[in-house]
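The structure appears below as structure tokens.
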Amino acid sequence: MTSYEKLLLENKAWAKEMVQDDPEFFSRLEHIQTPEFLWIGCSDSRVPANQITGTEPGEIFVHRNIANLVVNTDVNMLSVLQYAVEVLKVKHVIVCGHYGCGGVKAALTNQDYKQVLNMWLRNIKDVYRLHKNELDVVPEGEARVNRLIELTVKEQVINLAKTSIIQKAWSEDNRPHIHGWVYNLSDGVIKSVYDMEAGTKLDPVYEYQDYNG
Ligand code: CO
């Protein structure tokens with residue numbers, strides 16, 4: 001049996017087990033999804049949203065990309081955000097990074113990863129430049145990478161608040177709250193690093209007048 005065939009076999013066993021534990025499981029989820037959370041996480045295979053938060057299918061709407069970035073020209077991420085906020089009406093958006101993130105490590109090097117990876121990682125280099133004063137006094141190596149990981153998460157939380165999608169929902173519905181987390185691969189524990197409650201003020205240059213009086 002090849003490795004991918006094993007996945008299909010495991011799927012059959014999983015589906016059978018779910019129905020044994022809860023006969024209505026699939027019929028309940030088939031026609032409706034009402035997740036309370038949107039998760040924007042790293043594509044890293046070691047950080048699966050549902051498993052590390054003890055949640056089930058139907059509970060978290062998920063978007064993942066390299067280094068959990070919120071880039072304002074990313075039509076994919078913005079579509080997920082708009083749908084989650086305006087249609088699913090999620091109450092919380094969580095940006096979850098993780099210590100030891102390969103994307104952030106790569107951005108701190110001078111290696112040419114060629115297009116398109118260079119384009120993507122440039123967003124992290126910009127976070128570094130924005131927080132250069134703080135980062136340059138952190139010892140080079142793991143400690144500096146990990147602090148940059150936290151600051152990158154913080155900036156993505158702020159990037160979400162800069163969108164008219166979030167500002168409109170804050171103004172009309174006082175949600176979603178936005179949370180920045182970092183997952184620790186070495187012990188499985190999540191650290192909360194930055195939060196923006198609905199309605200938090202941001203630099204006025206980012207505020208759209210329609211939604212901020
Ligand atoms: Co990562």
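Numbering starts fresh at 1 for the residues of each chain in the structure tokens, the chains themselves are lettered A, B, ... in the order given, and ligands are numbered from 1 as they appear.
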Write out as number ranges by chain each polymer residue (protein, DNA or RNA) that has an atom no more than 9 Å from ligand 1, with only C-alpha atoms and all ligand atoms counted.
A: 41-47, 65-68, 97-105
- request: Return as a ChimeraX atom specification the full set of residues in region 15-195 of chain A whose backbone-based DSSP assignment is strand (DSSP E or B).
  value: /A:37-42,60-65,92-98,177-183,190-195
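Compared by their closest atoms to Asp74 (chain A), and using only C-alpha atoms, the residues A:Thr200, A:Trp120, A:Asn50, A:Glu134 rank with A:Trp120 nearest.
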Discussion item. Please list as a PyMOL selection string every residue within 10 Å of region 82-87 of chain A, counting only C-alpha atoms and excluding residues in the same chain fewer than 5 positions away.
Written reply: chain A and resi 34-39+60-62+77+92-93+163-166+168-169+175-176
Using only C-alpha atoms, the best pick from A:Ala107, A:Leu185, A:Val138, A:Ile190 as closest to Thr152 (chain A) would be A:Ala107
Pairwise distance, CA of Tyr211 (chain A) with CA of Gly199 (chain A), equals 10.1 Å
Restricting to only C-alpha atoms, whichever of A:Ala161, A:Leu29, A:Val19, A:Ala49 is closest to Glu197 (chain A) is A:Ala161
message = Taking 4 positions as the minimum chain separation for residues in the same chain, which residues sit within 10 Å of Asn159 (chain A) when counting only C-alpha atoms? Answer as a list in words.
response = Leu69, Val70, Val71, Asn72, Val153, Lys154, Glu155, Thr163, Ile166 and Tyr206 of chain A
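For the atom pair formed by CA of Gln156 (chain A) and CA of Lys114 (chain A), the distance is 23.6 Å, given to one decimal.
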- Neighbours of Asp136 (chain A) within 12 Å (only C-alpha atoms; same-chain residues fewer than 6 positions away dropped), as a ChimeraX atom specification? /A:108,128-130,143-145,147-148
Got a sec: who's within 12 Å of Gln111 (chain A), counting only C-alpha atoms, leaving out chain neighbours fewer than 5 positions off, as a PyMOL selection string? chain A and resi 105-106+117-118+121-122
Across A:Asn212, A:Asn184, A:Asn174, A:Ser3, the smallest distance to Lys91 (chain A), with only C-alpha atoms counted, is shown by A:Asn174
Report the residues of region 1-184 of chain A whose backbone DSSP state falls under alpha helix (DSSP H), written as a ChimeraX atom specification. /A:3-21,25-30,49-53,75-82,102-107,117-130,132-135,142-161,164-173
Report the distance between CA of Tyr183 (chain A) and CA of Lys162 (chain A) in Å, rounded to one decimal place.
->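 According to the coordinates, CA of Tyr183 (chain A) and CA of Lys162 (chain A) are separated by 24.3 Å.
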